[in-house]
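Enquirer: One structure, pasted below without further comment.
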Amino acid sequence: MSPQIAGPADLHMHSECSDGTEAPAEVVRQAGIAGLRTIALTDHDTVAGWDDAARASHESGIALLPGAEVSSKHRGSSVHVLAYLFDPDHRGLSHLMARVRDDRVGRAERIARNLARDLPVTWEDVLEQRSGDATIGRPHIADALVARGIVKSRAEAFAGPLHPASPYYVSHAAPTPLEAVIEIARAGGVSIIAHPAGRGTMPEHAIRELLDAGLAGFELGHRENTATGTARLQRLVEERDLIVTGSSDYHGAGKPNRLGENTTDPAMVARIVGAATGSAPVF
Ligand code: AMP
Ligand code: FE
Ligand code: FE
Ligand code: ZN
């Protein structure tokens with residue numbers, strides 16, 4: 001008998017293995033302080049934090065679903081696919097994430113060099129903000145701009161020089177959401193679209209195609225979702241009996257999102273655990 005999944009559960013958080021500001025074990029510790037009983041570590045495009053988070057979870061009695069947030073793109077707009085309990089050694093999925101991570105490095109360097117034409121910031125400044133070989137992203141560039149006193153916060157950097165409409169912006173290569181969902185399924189994982197009703201939602205026919213390929217559900221509880229977008233997806237949830245999650249998308253000091261600000265019904269967590277075959281939750 002496996003132990004019961006208990007609430008409150010928050011299934012979306014980041015550590016410094018991607019763009020969070022705390023080590024995985026510290027994220028787990030903060031989750032305990034916030035009163036969470038079940039969590040998932042979902043760093044962008046990497047499993048690098050799994051072992052550290054698993055040790056900390058086991059010691060603190062918090063159930064952990066190892067996961068990742070896979071970067072993908074549908075017709076140029078970013079779609080984040082949360083993946084839970086997949087096999088971290090699955091070749092297809094690990095190669096897919098490694099390609100994104102690698103491309104993100106050259107892309108971040110190009111953005112930094114574009115910024116350096118007009119602003120007193122360098123690529124070396126950006127690398128100083130990255131912990132080890134963390135999945136690099138605009139948040140690290142934002143942190144370099146903050147360190148240089150050019151902006152006051154990540155939010156200000158994203159609204160200004162790092163905005164996709166800014167002349168400094170460069171995008172990175174990413175699989176389609178369909179490719180991501182297919183590889184996650186092959187790796188025995190469960191896929192959920194992150195913040196699916198925020199800016200740039202996918203058209204319904206494309207979402208139905210993902211569902212046919214194995215997409216399990218939607219993160220309907222997320223501060224970036226709009227009420228109308230959420231209502232539209234809720235109809236699909238009822239039609240297809242999909243999994244619904246709610247989560248914080250915690251990034252430590254990198255975002256205002258607080259642990260447990262949205263939570264997932266333990267019955268939904270149990271459905272995720274029951275559907276996954278790639279790896280087991282850590283208790
Ligand atoms: P990238 O994937 O490198 O294009 O950067 C996107 C990441 O930046 C996302 O994972 C978000 O967590 C983060 N992000 C987006 N907007 C903001 C913001 N306004 N403040 C802080 N972080 C943000
Ligand atoms: Fe992020
Ligand atoms: Fe995201
Ligand atoms: Zn996230």
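Chain labels follow the order of the structure tokens: the first chain is A, the next B, and so on; residue numbering restarts at 1 in every chain, and ligands are counted from 1 in their shown order.
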Residues of chain A within 9 Å of ligand 1: nearest atom pair and distance (Å, one decimal) for each, counting only C-alpha atoms and all ligand atoms, sorted by chain and number, as CSV?
Expert:
residue,atom,partner,partner_atom_place_in_ligand_line,distance
A:His14,CA,ligand 1,12 (O),8.4
A:Ser18,CA,ligand 1,10 (O),8.4
A:Asp19,CA,ligand 1,12 (O),6.7
A:Gly20,CA,ligand 1,12 (O),8.0
A:Asp43,CA,ligand 1,10 (O),8.8
A:His44,CA,ligand 1,10 (O),7.0
A:Glu69,CA,ligand 1,10 (O),8.7
A:Ser71,CA,ligand 1,2 (O),7.2
A:Ser78,CA,ligand 1,4 (O),8.3
A:His80,CA,ligand 1,10 (O),8.6
A:Arg104,CA,ligand 1,3 (O),7.2
A:Arg107,CA,ligand 1,3 (O),8.7
A:Ala108,CA,ligand 1,3 (O),7.6
A:Thr135,CA,ligand 1,3 (O),8.8
A:Ile136,CA,ligand 1,3 (O),6.7
A:Gly137,CA,ligand 1,3 (O),3.2
A:Arg138,CA,ligand 1,3 (O),3.9
A:Pro139,CA,ligand 1,8 (O),5.2
A:His140,CA,ligand 1,3 (O),8.2
A:Ile141,CA,ligand 1,3 (O),8.7
A:Ala142,CA,ligand 1,21 (C),8.2
A:Ser153,CA,ligand 1,20 (N),7.7
A:Arg154,CA,ligand 1,20 (N),4.7
A:Ala155,CA,ligand 1,19 (N),3.8
A:Glu156,CA,ligand 1,19 (N),7.0
A:Ala157,CA,ligand 1,19 (N),7.5
A:Phe158,CA,ligand 1,19 (N),5.0
A:Ala159,CA,ligand 1,19 (N),6.6
A:Leu162,CA,ligand 1,4 (O),8.6
A:His163,CA,ligand 1,16 (N),8.6
A:Pro164,CA,ligand 1,4 (O),8.4
A:Val170,CA,ligand 1,4 (O),8.8
A:Ser171,CA,ligand 1,4 (O),7.0
A:His172,CA,ligand 1,4 (O),7.7
A:Asp249,CA,ligand 1,12 (O),7.6
A:Tyr250,CA,ligand 1,12 (O),8.6
A:His251,CA,ligand 1,12 (O),7.0
A:Gly254,CA,ligand 1,21 (C),5.7
A:Lys255,CA,ligand 1,21 (C),4.9
A:Pro256,CA,ligand 1,21 (C),8.1
Enquirer: As a PyMOL selection string, list the residues of range 63-130 of chain A assigned to strand (DSSP E) by DSSP on the backbone atoms of this structure.
Expert: chain A and resi 63-74+77-84
Enquirer: Pick out the residues sitting within 10 Å of Asp51 in chain A, and hand them over as a list in words; count only C-alpha atoms, and ignore anything fewer than 5 positions along from it in its own chain.
Expert: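 Those residues are Pro24, Ala25, Ala56, Ser57 and Pro66 of chain A.
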Enquirer: State, in Å with one decimal place, the distance from CA of Val47 in chain A to CA of Ala98 in chain A.
Expert: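 Calculated distance between CA of Val47 in chain A and CA of Ala98 in chain A is 10.4 Å.
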Enquirer: Using Å and a single decimal, report how far CA of Ala194 in chain A sits from CA of Ala213 in chain A.
Expert: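 Between these atoms lies a distance of 16.8 Å.
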Enquirer: Figure out the distance between CA of Thr264 in chain A and CA of Arg223 in chain A, please, to one decimal in Å.
Expert: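 A separation of 13.7 Å between them.
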Enquirer: Which residue is closest to ligand 2? Choose from A:Leu36, A:Gly217, A:Met202, A:Cys17 and count only C-alpha atoms and all ligand atoms.
Expert: A:Cys17
Enquirer: Would you please give, as a PyMOL selection string, all residues of range 4-178 of chain A that DSSP assigns to helix (DSSP H, G or I) based on the backbone?
Expert: chain A and resi 24-33+50-60+91-116+123-129+138-147+154-159+177-178
Enquirer: Output the selection as a PDB file, in the first residue's frame - C-alpha atoms for each residue.
Expert:
ATOM      1  CA  PRO A  24      15.465  22.531  -4.546  1.00  0.00           C
ATOM      2  CA  ALA A  25      15.839  21.511  -0.872  1.00  0.00           C
ATOM      3  CA  GLU A  26      15.050  25.086   0.186  1.00  0.00           C
ATOM      4  CA  VAL A  27      11.927  25.119  -2.011  1.00  0.00           C
ATOM      5  CA  VAL A  28      10.804  21.943  -0.207  1.00  0.00           C
ATOM      6  CA  ARG A  29      11.543  23.554   3.162  1.00  0.00           C
ATOM      7  CA  GLN A  30       9.525  26.652   2.192  1.00  0.00           C
ATOM      8  CA  ALA A  31       6.677  24.354   1.096  1.00  0.00           C
ATOM      9  CA  GLY A  32       6.671  22.833   4.576  1.00  0.00           C
ATOM     10  CA  ILE A  33       6.554  26.291   6.176  1.00  0.00           C
ATOM     11  CA  TRP A  50      14.981  15.872  -8.590  1.00  0.00           C
ATOM     12  CA  ASP A  51      17.528  14.203  -6.274  1.00  0.00           C
ATOM     13  CA  ASP A  52      17.989  17.201  -3.963  1.00  0.00           C
ATOM     14  CA  ALA A  53      14.218  17.735  -3.766  1.00  0.00           C
ATOM     15  CA  ALA A  54      13.589  14.018  -3.144  1.00  0.00           C
ATOM     16  CA  ARG A  55      16.015  13.922  -0.208  1.00  0.00           C
ATOM     17  CA  ALA A  56      14.454  17.023   1.336  1.00  0.00           C
ATOM     18  CA  SER A  57      10.902  15.730   0.800  1.00  0.00           C
ATOM     19  CA  HIS A  58      11.671  12.376   2.331  1.00  0.00           C
ATOM     20  CA  GLU A  59      13.205  14.060   5.385  1.00  0.00           C
ATOM     21  CA  SER A  60      10.355  16.534   5.850  1.00  0.00           C
ATOM     22  CA  ARG A  91      15.863   9.149 -24.371  1.00  0.00           C
ATOM     23  CA  GLY A  92      13.221  10.916 -26.429  1.00  0.00           C
ATOM     24  CA  LEU A  93      12.058  13.251 -23.669  1.00  0.00           C
ATOM     25  CA  SER A  94      15.512  13.908 -22.236  1.00  0.00           C
ATOM     26  CA  HIS A  95      16.837  14.755 -25.711  1.00  0.00           C
ATOM     27  CA  LEU A  96      13.867  17.025 -26.365  1.00  0.00           C
ATOM     28  CA  MET A  97      14.550  18.939 -23.127  1.00  0.00           C
ATOM     29  CA  ALA A  98      18.327  18.984 -23.728  1.00  0.00           C
ATOM     30  CA  ARG A  99      17.790  20.566 -27.160  1.00  0.00           C
ATOM     31  CA  VAL A 100      15.699  23.346 -25.611  1.00  0.00           C
ATOM     32  CA  ARG A 101      18.233  23.905 -22.806  1.00  0.00           C
ATOM     33  CA  ASP A 102      21.118  24.093 -25.281  1.00  0.00           C
ATOM     34  CA  ASP A 103      19.326  26.481 -27.612  1.00  0.00           C
ATOM     35  CA  ARG A 104      18.403  28.707 -24.659  1.00  0.00           C
ATOM     36  CA  VAL A 105      22.114  29.384 -23.990  1.00  0.00           C
ATOM     37  CA  GLY A 106      22.876  30.861 -27.433  1.00  0.00           C
ATOM     38  CA  ARG A 107      19.575  32.731 -27.355  1.00  0.00           C
ATOM     39  CA  ALA A 108      20.287  34.291 -23.941  1.00  0.00           C
ATOM     40  CA  GLU A 109      23.738  35.301 -25.133  1.00  0.00           C
ATOM     41  CA  ARG A 110      22.235  36.963 -28.214  1.00  0.00           C
ATOM     42  CA  ILE A 111      19.745  38.896 -26.077  1.00  0.00           C
ATOM     43  CA  ALA A 112      22.559  39.941 -23.717  1.00  0.00           C
ATOM     44  CA  ARG A 113      24.721  41.120 -26.635  1.00  0.00           C
ATOM     45  CA  ASN A 114      21.774  43.064 -28.062  1.00  0.00           C
ATOM     46  CA  LEU A 115      21.233  44.756 -24.686  1.00  0.00           C
ATOM     47  CA  ALA A 116      24.961  45.497 -24.373  1.00  0.00           C
ATOM     48  CA  TRP A 123      26.893  38.295 -21.058  1.00  0.00           C
ATOM     49  CA  GLU A 124      29.269  37.616 -18.139  1.00  0.00           C
ATOM     50  CA  ASP A 125      26.876  39.527 -15.843  1.00  0.00           C
ATOM     51  CA  VAL A 126      24.103  37.193 -16.961  1.00  0.00           C
ATOM     52  CA  LEU A 127      26.196  34.072 -16.352  1.00  0.00           C
ATOM     53  CA  GLU A 128      26.861  35.308 -12.806  1.00  0.00           C
ATOM     54  CA  GLN A 129      23.127  35.145 -12.115  1.00  0.00           C
ATOM     55  CA  ARG A 138      15.140  35.772 -19.514  1.00  0.00           C
ATOM     56  CA  PRO A 139      14.825  35.793 -15.692  1.00  0.00           C
ATOM     57  CA  HIS A 140      18.628  35.461 -15.398  1.00  0.00           C
ATOM     58  CA  ILE A 141      19.074  38.355 -17.817  1.00  0.00           C
ATOM     59  CA  ALA A 142      16.520  40.313 -15.770  1.00  0.00           C
ATOM     60  CA  ASP A 143      18.535  39.592 -12.615  1.00  0.00           C
ATOM     61  CA  ALA A 144      21.686  40.921 -14.325  1.00  0.00           C
ATOM     62  CA  LEU A 145      19.809  44.116 -15.260  1.00  0.00           C
ATOM     63  CA  VAL A 146      18.681  44.448 -11.627  1.00  0.00           C
ATOM     64  CA  ALA A 147      22.228  43.830 -10.342  1.00  0.00           C
ATOM     65  CA  ARG A 154      12.335  41.107 -12.939  1.00  0.00           C
ATOM     66  CA  ALA A 155       8.817  42.413 -13.606  1.00  0.00           C
ATOM     67  CA  GLU A 156      10.176  45.760 -14.812  1.00  0.00           C
ATOM     68  CA  ALA A 157      12.695  43.992 -17.071  1.00  0.00           C
ATOM     69  CA  PHE A 158       9.951  41.804 -18.590  1.00  0.00           C
ATOM     70  CA  ALA A 159       7.746  44.842 -19.218  1.00  0.00           C
ATOM     71  CA  PRO A 177       3.046  21.132 -27.800  1.00  0.00           C
ATOM     72  CA  LEU A 178       2.068  17.959 -29.691  1.00  0.00           C
TER      73      LEU A 178
END
Enquirer: Counting only C-alpha atoms, what is within 12 Å of Asp265 in chain A, bar same-chain residues fewer than 6 positions away, as a list in words?
Expert: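 Those residues are Ile5, Ala6, Gly7, Pro8, Ala9, Asp10, Leu11, Arg37, Thr38, Ile39, Glu219, Leu220, Gly221, Ile243, Val244, Thr245, Gly246, Ser247, Arg271 and Ile272 of chain A.
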Enquirer: Which residue, A:Gly149, A:Pro266, A:Gly252, A:Gly198, has the smallest gap to ligand 2 when you use only C-alpha atoms and all ligand atoms?
Expert: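 Nearest to ligand 2: A:Gly252.
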Enquirer: For Phe283 in chain A, find every residue with an atom within 8 Å (counting only C-alpha atoms), except residues of its own chain fewer than 5 positions away, and show them as a PyMOL selection string.
Expert: chain A and resi 3+57-58+61-64
Enquirer: Which residues are near Leu215 in chain A? Cut-off 12 Å, only C-alpha atoms, ignore same chain within fewer than 4 positions. Put them as an MDAnalysis selection string.
Expert: chainID A and resid 81:84 177:186 189:194 206:211 219 237 240:244 272 275
Enquirer: Would you please work out which residue, of A:Asp89, A:Glu224, A:Glu204, A:Asp118, is nearest to ligand 4 when using only C-alpha atoms and all ligand atoms?
Expert: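 Between A:Asp89, A:Glu224, A:Glu204, A:Asp118, the residue approaching ligand 4 most closely is A:Glu224.
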Enquirer: I'd like to know which of A:His90, A:Arg148, A:Arg232, A:Arg117 is closest to Thr201 in chain A, using only C-alpha atoms.
Expert: A:Arg232
Enquirer: Of the candidates A:Val70, A:Ala48, A:Ala40, A:Ala173, which one gets nearest to ligand 2 if we count only C-alpha atoms and all ligand atoms?
Expert: A:Val70
Enquirer: Smallest atom-to-atom distance to ligand 4: which of A:Lys73, A:Arg199, A:Lys152, A:His222, using only C-alpha atoms and all ligand atoms?
Expert: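 Result for the nearest residue to ligand 4: A:His222.
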